[in-house]
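Undergrad: Handing over upload21.cif, mmCIF, C-alpha atoms.
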```
data_model
loop_
_atom_site.label_atom_id
_atom_site.label_comp_id
_atom_site.auth_asym_id
_atom_site.auth_seq_id
_atom_site.Cartn_x
_atom_site.Cartn_y
_atom_site.Cartn_z
CA MET A 1 -65.26 -11.43 9.68
CA ARG A 2 -63.70 -10.85 13.10
CA ILE A 3 -64.05 -7.66 15.13
CA THR A 4 -61.89 -7.17 18.21
CA CYS A 5 -62.66 -4.51 20.81
CA VAL A 6 -59.45 -3.20 22.36
CA CYS A 7 -58.62 -1.10 25.41
CA THR A 8 -55.71 -1.03 27.84
CA GLY A 9 -56.43 -3.64 30.48
CA ASN A 10 -59.43 -5.45 28.97
CA THR A 11 -61.31 -5.27 32.27
CA CYS A 12 -63.72 -2.38 31.64
CA ARG A 13 -64.37 -0.78 28.27
CA SER A 14 -63.51 -3.47 25.73
CA PRO A 15 -65.43 -6.29 27.51
CA MET A 16 -68.50 -4.03 27.68
CA ALA A 17 -68.05 -3.01 24.05
CA ALA A 18 -67.78 -6.64 22.90
CA ALA A 19 -70.98 -7.66 24.70
CA LEU A 20 -72.88 -4.65 23.35
CA LEU A 21 -71.59 -5.24 19.83
CA ARG A 22 -72.55 -8.93 19.98
CA GLN A 23 -76.09 -7.91 20.95
CA TRP A 24 -76.28 -5.31 18.16
CA LEU A 25 -75.15 -7.81 15.54
CA ASN A 26 -77.45 -10.56 16.78
CA GLU A 27 -80.46 -8.26 16.58
CA ARG A 28 -79.72 -7.82 12.87
CA GLY A 29 -79.14 -11.48 12.15
CA LEU A 30 -75.41 -10.95 11.72
CA VAL A 31 -74.53 -13.87 13.96
CA PHE A 32 -71.71 -14.98 11.68
CA VAL A 33 -69.56 -11.96 12.58
CA SER A 34 -67.02 -13.00 15.23
CA VAL A 35 -66.59 -10.65 18.20
CA ASP A 36 -63.70 -10.64 20.64
CA SER A 37 -61.98 -8.29 23.08
CA ALA A 38 -58.43 -7.84 24.28
CA GLY A 39 -56.15 -5.43 26.09
CA LEU A 40 -52.81 -3.92 25.18
CA ALA A 41 -51.62 -4.46 28.76
CA ALA A 42 -53.95 -7.25 29.91
CA ASN A 43 -52.64 -9.78 32.42
CA GLY A 44 -55.54 -12.11 33.13
CA ASP A 45 -57.34 -10.01 35.74
CA ALA A 46 -61.06 -10.50 36.27
CA VAL A 47 -63.38 -8.15 34.42
CA ALA A 48 -64.36 -5.32 36.77
CA ASP A 49 -67.44 -6.02 38.88
CA ASN A 50 -68.91 -2.66 37.92
CA ALA A 51 -68.55 -3.55 34.23
CA VAL A 52 -70.28 -6.87 34.81
CA ASP A 53 -73.06 -5.16 36.74
CA ALA A 54 -73.51 -2.43 34.12
CA LEU A 55 -74.06 -5.10 31.47
CA ALA A 56 -76.33 -7.15 33.70
CA ALA A 57 -78.54 -4.09 34.14
CA VAL A 58 -79.39 -4.27 30.43
CA GLY A 59 -79.65 -8.06 30.32
CA LEU A 60 -76.16 -8.82 29.02
CA SER A 61 -73.11 -10.67 30.25
CA VAL A 62 -69.44 -10.45 29.33
CA LEU A 63 -68.19 -12.76 26.59
CA CYS A 64 -65.12 -13.60 28.68
CA ASP A 65 -64.80 -13.07 32.43
CA ARG A 66 -61.03 -12.55 32.51
CA SER A 67 -58.85 -10.12 30.58
CA LYS A 68 -56.61 -11.35 27.81
CA PRO A 69 -53.80 -9.72 25.84
CA LEU A 70 -53.92 -8.84 22.17
CA THR A 71 -51.72 -11.65 20.92
CA ARG A 72 -50.12 -11.69 17.49
CA GLU A 73 -52.45 -14.54 16.53
CA LEU A 74 -55.55 -12.52 17.43
CA PHE A 75 -54.06 -9.40 15.83
CA ASP A 76 -53.52 -11.20 12.53
CA ALA A 77 -57.00 -12.79 12.62
CA THR A 78 -58.81 -9.48 13.20
CA ASP A 79 -60.45 -7.58 10.34
CA VAL A 80 -61.59 -4.53 12.33
CA PHE A 81 -60.35 -3.18 15.66
CA LEU A 82 -62.72 -1.03 17.74
CA VAL A 83 -60.51 0.92 20.13
CA MET A 84 -61.25 3.33 22.96
CA SER A 85 -58.74 6.12 22.36
CA PRO A 86 -56.53 7.66 19.68
CA ALA A 87 -53.52 6.34 21.64
CA HIS A 88 -54.81 2.79 21.23
CA LYS A 89 -55.12 3.40 17.50
CA GLN A 90 -51.57 4.69 17.24
CA TYR A 91 -50.30 1.60 19.03
CA LEU A 92 -52.10 -0.71 16.58
CA LEU A 93 -50.94 1.28 13.56
CA ALA A 94 -47.36 0.99 14.79
CA ALA A 95 -47.92 -2.76 15.13
CA GLY A 96 -48.90 -2.99 11.47
CA ALA A 97 -52.67 -2.49 11.35
CA SER A 98 -54.06 -0.44 8.48
CA ASP A 99 -55.68 2.89 9.23
CA ALA A 100 -59.01 1.72 7.79
CA ALA A 101 -59.02 -1.32 10.09
CA VAL A 102 -58.82 0.68 13.34
CA VAL A 103 -61.84 2.68 14.53
CA VAL A 104 -61.84 4.91 17.61
CA LEU A 105 -65.34 4.40 19.01
CA GLY A 106 -67.21 7.64 19.57
CA GLY A 107 -64.03 9.62 19.07
CA GLY A 108 -62.78 8.16 22.35
CA ILE A 109 -64.29 6.54 25.45
CA PRO A 110 -62.80 7.62 28.82
CA ASP A 111 -61.57 4.84 31.10
CA PRO A 112 -63.97 4.27 34.05
CA PHE A 113 -61.41 2.21 35.96
CA GLY A 114 -61.58 2.99 39.69
CA CYS A 115 -64.86 4.91 39.37
CA GLY A 116 -68.28 4.12 40.76
CA ALA A 117 -71.17 2.19 39.27
CA ASP A 118 -72.76 5.34 37.85
CA VAL A 119 -69.67 6.07 35.74
CA TYR A 120 -69.62 2.50 34.43
CA ALA A 121 -73.30 2.78 33.51
CA ALA A 122 -72.62 6.03 31.69
CA THR A 123 -69.68 4.38 29.88
CA ARG A 124 -71.93 1.49 28.85
CA ASP A 125 -74.49 3.90 27.42
CA ARG A 126 -71.84 5.85 25.56
CA LEU A 127 -70.41 2.63 24.12
CA GLN A 128 -73.87 1.50 23.06
CA LEU A 129 -74.49 4.72 21.12
CA ALA A 130 -71.03 4.65 19.53
CA ILE A 131 -71.45 1.03 18.43
CA ALA A 132 -74.86 1.78 16.93
CA ASP A 133 -73.49 4.81 15.04
CA TRP A 134 -70.57 2.81 13.66
CA GLY A 135 -72.61 -0.31 13.02
CA GLU A 136 -75.26 1.43 10.93
CA VAL A 137 -72.53 2.56 8.55
CA GLN A 138 -70.49 -0.63 8.57
CA PHE A 139 -73.49 -2.98 8.36
CA PRO A 140 -76.39 -1.20 6.63
CA PHE A 141 -78.06 -4.52 5.84
CA ALA A 142 -79.73 -7.01 8.18
CA VAL A 143 -80.10 -10.72 7.41
CA ARG A 144 -83.44 -12.43 8.12
CA PRO A 145 -84.95 -15.83 7.38
CA LEU A 146 -87.36 -15.81 4.46
CA ALA A 147 -90.84 -14.79 5.62
CA ALA A 148 -94.20 -14.25 3.95
CA LYS A 149 -93.68 -10.47 4.02
CA HIS A 150 -90.69 -10.86 1.67
CA LEU A 151 -92.39 -12.88 -1.06
CA SER A 152 -93.76 -10.17 -3.35
CA SER A 153 -90.54 -8.15 -3.23
CA LEU A 154 -88.39 -11.19 -3.99
CA ALA A 155 -90.67 -12.30 -6.83
CA ALA A 156 -90.23 -8.85 -8.36
CA LEU A 157 -86.48 -9.12 -7.84
CA GLU A 158 -86.46 -12.50 -9.60
CA GLN A 159 -88.05 -10.83 -12.63
CA VAL A 160 -85.26 -8.26 -12.73
CA CYS A 161 -82.37 -10.67 -12.18
CA PHE A 162 -83.16 -13.87 -14.06
CA SER A 163 -84.36 -14.94 -17.51
CA GLN A 164 -86.30 -17.79 -15.88
CA PRO A 165 -87.50 -16.23 -12.64
CA TRP A 166 -89.11 -18.03 -9.76
CA SER A 167 -92.73 -17.09 -9.17
CA GLU A 168 -94.11 -15.83 -5.90
CA ASP A 169 -95.87 -19.18 -5.45
CA ALA A 170 -92.60 -21.05 -5.94
CA LEU A 171 -90.94 -18.89 -3.29
CA ARG A 172 -93.91 -19.40 -0.98
CA GLU A 173 -93.44 -23.17 -1.16
CA GLU A 174 -90.00 -22.76 0.36
CA LEU A 175 -91.55 -21.41 3.57
CA SER A 176 -92.79 -24.90 4.38
CA ASN A 177 -89.90 -26.84 2.84
CA PRO A 178 -87.91 -28.47 5.68
CA THR A 179 -84.75 -28.60 3.55
CA ALA A 180 -84.88 -24.91 2.57
CA ARG A 181 -82.51 -22.35 4.05
CA PHE A 182 -83.50 -19.08 2.43
CA LEU A 183 -82.03 -15.86 3.84
CA VAL A 184 -83.05 -12.31 2.97
CA ALA A 185 -81.01 -9.11 3.13
CA GLU A 186 -83.01 -6.15 4.36
CA LYS A 187 -82.27 -2.44 4.28
CA ASP A 188 -84.56 -0.25 6.35
CA GLY A 189 -86.92 -3.21 6.59
CA GLU A 190 -87.14 -3.73 2.83
CA ALA A 191 -85.90 -6.88 1.08
CA VAL A 192 -82.99 -6.04 -1.23
CA GLY A 193 -81.53 -9.49 -1.88
CA TYR A 194 -81.69 -13.14 -0.96
CA ILE A 195 -79.89 -16.44 -1.11
CA GLY A 196 -81.64 -19.79 -1.39
CA CYS A 197 -80.20 -23.17 -0.50
CA HIS A 198 -81.41 -26.68 0.26
CA PHE A 199 -79.73 -28.82 2.91
CA ALA A 200 -80.10 -32.59 2.70
CA ALA A 201 -78.03 -35.04 4.73
CA ASP A 202 -74.62 -33.35 4.88
CA GLU A 203 -74.80 -31.53 1.53
CA GLY A 204 -76.25 -28.25 0.34
CA ALA A 205 -77.26 -26.91 -3.06
CA ILE A 206 -77.58 -23.17 -3.65
CA THR A 207 -80.50 -22.38 -5.91
CA ASN A 208 -80.39 -18.59 -6.34
CA VAL A 209 -78.49 -15.54 -5.23
CA ALA A 210 -80.15 -12.27 -6.18
CA VAL A 211 -79.40 -8.66 -5.25
CA SER A 212 -81.36 -5.55 -6.18
CA PRO A 213 -79.55 -3.48 -8.85
CA THR A 214 -79.66 -0.47 -6.51
CA CYS A 215 -77.70 -2.36 -3.84
CA ARG A 216 -75.09 -4.14 -5.90
CA ARG A 217 -71.38 -3.70 -5.15
CA GLN A 218 -72.27 -2.91 -1.55
CA GLY A 219 -71.41 -6.29 -0.05
CA VAL A 220 -74.92 -7.77 0.01
CA GLY A 221 -73.98 -10.95 -1.84
CA GLY A 222 -71.03 -11.56 0.44
CA LEU A 223 -73.14 -10.89 3.52
CA LEU A 224 -75.74 -13.45 2.45
CA LEU A 225 -73.11 -16.01 1.54
CA ASP A 226 -71.34 -15.56 4.89
CA ALA A 227 -74.64 -16.05 6.71
CA LEU A 228 -75.43 -19.19 4.75
CA LEU A 229 -72.00 -20.74 5.30
CA TYR A 230 -72.27 -20.00 9.01
CA ALA A 231 -75.62 -21.82 9.07
CA ALA A 232 -74.09 -24.70 7.12
CA GLU A 233 -71.29 -25.11 9.64
CA LYS A 234 -73.76 -25.01 12.54
CA GLU A 235 -75.82 -27.75 10.88
CA HIS A 236 -72.72 -29.83 10.07
CA ILE A 237 -73.08 -29.51 6.32
CA GLY A 238 -69.92 -30.91 4.76
CA SER A 239 -70.20 -29.50 1.25
CA ILE A 240 -72.26 -27.07 -0.82
CA PHE A 241 -72.59 -26.92 -4.60
CA LEU A 242 -73.87 -24.32 -7.05
CA GLU A 243 -73.87 -23.46 -10.73
CA VAL A 244 -73.07 -20.08 -12.22
CA ARG A 245 -72.95 -18.85 -15.80
CA VAL A 246 -69.40 -19.21 -17.10
CA SER A 247 -69.47 -15.54 -18.16
CA ASN A 248 -70.47 -14.24 -14.69
CA THR A 249 -67.02 -13.27 -13.52
CA ALA A 250 -68.28 -11.12 -10.62
CA ALA A 251 -70.27 -13.98 -9.10
CA LYS A 252 -67.41 -16.43 -9.57
CA ALA A 253 -65.02 -14.04 -7.82
CA LEU A 254 -67.44 -13.76 -4.89
CA TYR A 255 -67.74 -17.52 -4.49
CA GLN A 256 -64.00 -18.01 -4.75
CA SER A 257 -63.44 -15.38 -2.06
CA ARG A 258 -65.51 -17.57 0.30
CA GLY A 259 -63.62 -20.76 -0.43
CA PHE A 260 -65.62 -22.19 -3.32
CA VAL A 261 -63.60 -23.93 -6.03
CA SER A 262 -64.48 -24.69 -9.64
CA CYS A 263 -65.05 -28.40 -10.13
CA GLY A 264 -66.72 -28.87 -13.49
CA VAL A 265 -69.03 -27.58 -16.21
CA ARG A 266 -72.62 -28.40 -17.13
CA PRO A 267 -72.89 -27.82 -20.91
CA ARG A 268 -75.78 -25.62 -22.01
CA PHE A 269 -77.13 -25.54 -18.45
CA TYR A 270 -78.64 -22.07 -18.84
CA THR A 271 -81.12 -20.79 -21.40
CA ALA A 272 -82.14 -17.32 -22.61
CA PRO A 273 -79.32 -17.07 -23.51
CA THR A 274 -77.95 -20.58 -23.73
CA GLU A 275 -74.70 -20.88 -21.79
CA ASP A 276 -72.67 -23.43 -19.90
CA GLY A 277 -72.94 -23.55 -16.14
CA GLU A 278 -69.71 -23.71 -14.15
CA ILE A 279 -69.97 -25.89 -11.04
CA PHE A 280 -68.47 -24.63 -7.78
CA SER A 281 -68.14 -26.51 -4.51
CA TRP A 282 -67.43 -25.50 -0.92
CA THR A 283 -66.11 -27.90 1.69
CA ALA A 284 -66.38 -27.30 5.43
CA LYS A 285 -63.16 -27.00 7.40
CA GLU A 286 -62.33 -30.03 9.45
#
```
Let me see the file written as structure tokens.
TA:
Amino acid sequence: MRITCVCTGNTCRSPMAAALLRQWLNERGLVFVSVDSAGLAANGDAVADNAVDALAAVGLSVLCDRSKPLTRELFDATDVFLVMSPAHKQYLLAAGASDAAVVVLGGGIPDPFGCGADVYAATRDRLQLAIADWGEVQFPFAVRPLAAKHLSSLAALEQVCFSQPWSEDALREELSNPTARFLVAEKDGEAVGYIGCHFAADEGAITNVAVSPTCRRQGVGGLLLDALLYAAEKEHIGSIFLEVRVSNTAAKALYQSRGFVSCGVRPRFYTAPTEDGEIFSWTAKE
């Protein structure tokens, strides 16, 4: 997923918004979400000193120190635009963006260009609040590495989701397994899903993907899969494999949406009930 923060010149509001959004996402383990910024009339000027200083005051730095225009390539690659005014939104809608893909942060953020440091600081604070308000709705789930605090909840979830569930002890063993990459989705600090995978050499094997029945069809499975694939790319994993019941059309659609392809069948792989397992593989982009 790519989010692009957009203002007019890309020297004040959108660079601050991008840095604040990157921090907000990182704090929730959503490091796989791509963040960028651009301007509708940007011409390569340096980001305003007051914007840089306002971010530095809260321990942040700009993601890019010079403004850049919203090119057609970036426009087409963006999933969500965070803009600073209704006029910016109208411009993007006229360019072909969908209404749902363009969000006016905080109902509109006034341009601090030409103002003093105090106005830039106030703009930063307003952006921070607007990003948090939007982010809590857009991303209600955080992603965390498996920890001891998750074990009992995930063992209970295994009982709900699988006919041959993993025990709490089996999950605990993964805490010390150097090949394990287990990620947990949390909502309000509670574990509501997880994905388990083992990395060895340049290959990965997904063991389980489980989501609480109360949180299904809310994007949790996709969030976990995106986080795992991001980790795989960072660790130079070339391919990942998994099995899924041939009748599980929802799971197969999710995997296919992330680039997995069907590559075979394991007869009678599952029990209770007995069913073939369809093999899916993912290959990293070169």
Undergrad: Would you kindly return, as JSON, numbers by chain, each protein, DNA or RNA residue with an atom no farther than 12 Å from any atom of Asn50 of chain A, considering only C-alpha atoms and excluding same-chain residues fewer than 6 positions away?
TA: {"A": [11, 12, 13, 15, 16, 56, 57, 61, 62, 112, 113, 114, 115, 116, 117, 118, 119, 120, 121, 122, 123, 124]}
Undergrad: Tell me which residues come within 9 Å of (-81.4, -23.9, -4.2), as a ChimeraX atom specification, counting all atoms listed in the file in the file's coordinates.
TA: /A:180-182,195-199,204-209,242
Undergrad: Write the residues of the preceding selection, restricted to C-alpha atoms, as a PDB file, in the coordinates of the input.
TA:
```pdb
ATOM      1  CA  ALA A 180     -84.880 -24.910   2.570  1.00  0.00           C
ATOM      2  CA  ARG A 181     -82.510 -22.350   4.050  1.00  0.00           C
ATOM      3  CA  PHE A 182     -83.500 -19.080   2.430  1.00  0.00           C
ATOM      4  CA  ILE A 195     -79.890 -16.440  -1.110  1.00  0.00           C
ATOM      5  CA  GLY A 196     -81.640 -19.790  -1.390  1.00  0.00           C
ATOM      6  CA  CYS A 197     -80.200 -23.170  -0.500  1.00  0.00           C
ATOM      7  CA  HIS A 198     -81.410 -26.680   0.260  1.00  0.00           C
ATOM      8  CA  PHE A 199     -79.730 -28.820   2.910  1.00  0.00           C
ATOM      9  CA  GLY A 204     -76.250 -28.250   0.340  1.00  0.00           C
ATOM     10  CA  ALA A 205     -77.260 -26.910  -3.060  1.00  0.00           C
ATOM     11  CA  ILE A 206     -77.580 -23.170  -3.650  1.00  0.00           C
ATOM     12  CA  THR A 207     -80.500 -22.380  -5.910  1.00  0.00           C
ATOM     13  CA  ASN A 208     -80.390 -18.590  -6.340  1.00  0.00           C
ATOM     14  CA  VAL A 209     -78.490 -15.540  -5.230  1.00  0.00           C
ATOM     15  CA  LEU A 242     -73.870 -24.320  -7.050  1.00  0.00           C
TER      16      LEU A 242
END
```
Undergrad: So which residues get picked by the PyMOL selection byres ((chain A and resi 255) around 12) here, written as a short mmCIF file (atom, residue, chain, number, x, y, z; two decimals) with C-alpha atoms, in the coordinates of the input?
TA:
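out_21.cif, written as the output of this step:
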```
data_model
loop_
_atom_site.label_atom_id
_atom_site.label_comp_id
_atom_site.auth_asym_id
_atom_site.auth_seq_id
_atom_site.Cartn_x
_atom_site.Cartn_y
_atom_site.Cartn_z
CA ILE A 206 -77.58 -23.17 -3.65
CA VAL A 209 -78.49 -15.54 -5.23
CA GLY A 221 -73.98 -10.95 -1.84
CA GLY A 222 -71.03 -11.56 0.44
CA LEU A 223 -73.14 -10.89 3.52
CA LEU A 224 -75.74 -13.45 2.45
CA LEU A 225 -73.11 -16.01 1.54
CA ASP A 226 -71.34 -15.56 4.89
CA LEU A 229 -72.00 -20.74 5.30
CA ILE A 240 -72.26 -27.07 -0.82
CA PHE A 241 -72.59 -26.92 -4.60
CA LEU A 242 -73.87 -24.32 -7.05
CA GLU A 243 -73.87 -23.46 -10.73
CA VAL A 244 -73.07 -20.08 -12.22
CA ASN A 248 -70.47 -14.24 -14.69
CA THR A 249 -67.02 -13.27 -13.52
CA ALA A 250 -68.28 -11.12 -10.62
CA ALA A 251 -70.27 -13.98 -9.10
CA LYS A 252 -67.41 -16.43 -9.57
CA ALA A 253 -65.02 -14.04 -7.82
CA LEU A 254 -67.44 -13.76 -4.89
CA GLN A 256 -64.00 -18.01 -4.75
CA SER A 257 -63.44 -15.38 -2.06
CA ARG A 258 -65.51 -17.57 0.30
CA GLY A 259 -63.62 -20.76 -0.43
CA PHE A 260 -65.62 -22.19 -3.32
CA VAL A 261 -63.60 -23.93 -6.03
CA SER A 262 -64.48 -24.69 -9.64
CA GLU A 278 -69.71 -23.71 -14.15
CA ILE A 279 -69.97 -25.89 -11.04
CA PHE A 280 -68.47 -24.63 -7.78
CA SER A 281 -68.14 -26.51 -4.51
CA TRP A 282 -67.43 -25.50 -0.92
#
```
Undergrad: Which residue gives the smallest distance to Gly108 of chain A among A:Ala95, A:Asp133, A:His150, A:Ala87, with all atoms listed in the file counted?
TA: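 So, comparing all the options, the nearest one is A:Ala87.
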Undergrad: One decimal, in Å: what's the spacing between atom CA of Ala51 of chain A and atom CA of Ser37 of chain A?
TA: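 Between atom CA of Ala51 of chain A and atom CA of Ser37 of chain A the gap is 13.8 Å.
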Undergrad: Quick check, in Å to one decimal: how far apart do atom CA of Val80 of chain A and atom CA of Arg66 of chain A lie?
TA: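 Atom CA of Val80 of chain A sits 21.7 Å away from atom CA of Arg66 of chain A.
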Undergrad: Under the rule that only C-alpha atoms are counted, which of A:Gln128, A:Ser98, A:Ser239, A:Thr271 is the nearest residue to Ala284 of chain A?
TA: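 Among the listed residues, the smallest separation from Ala284 of chain A belongs to A:Ser239.
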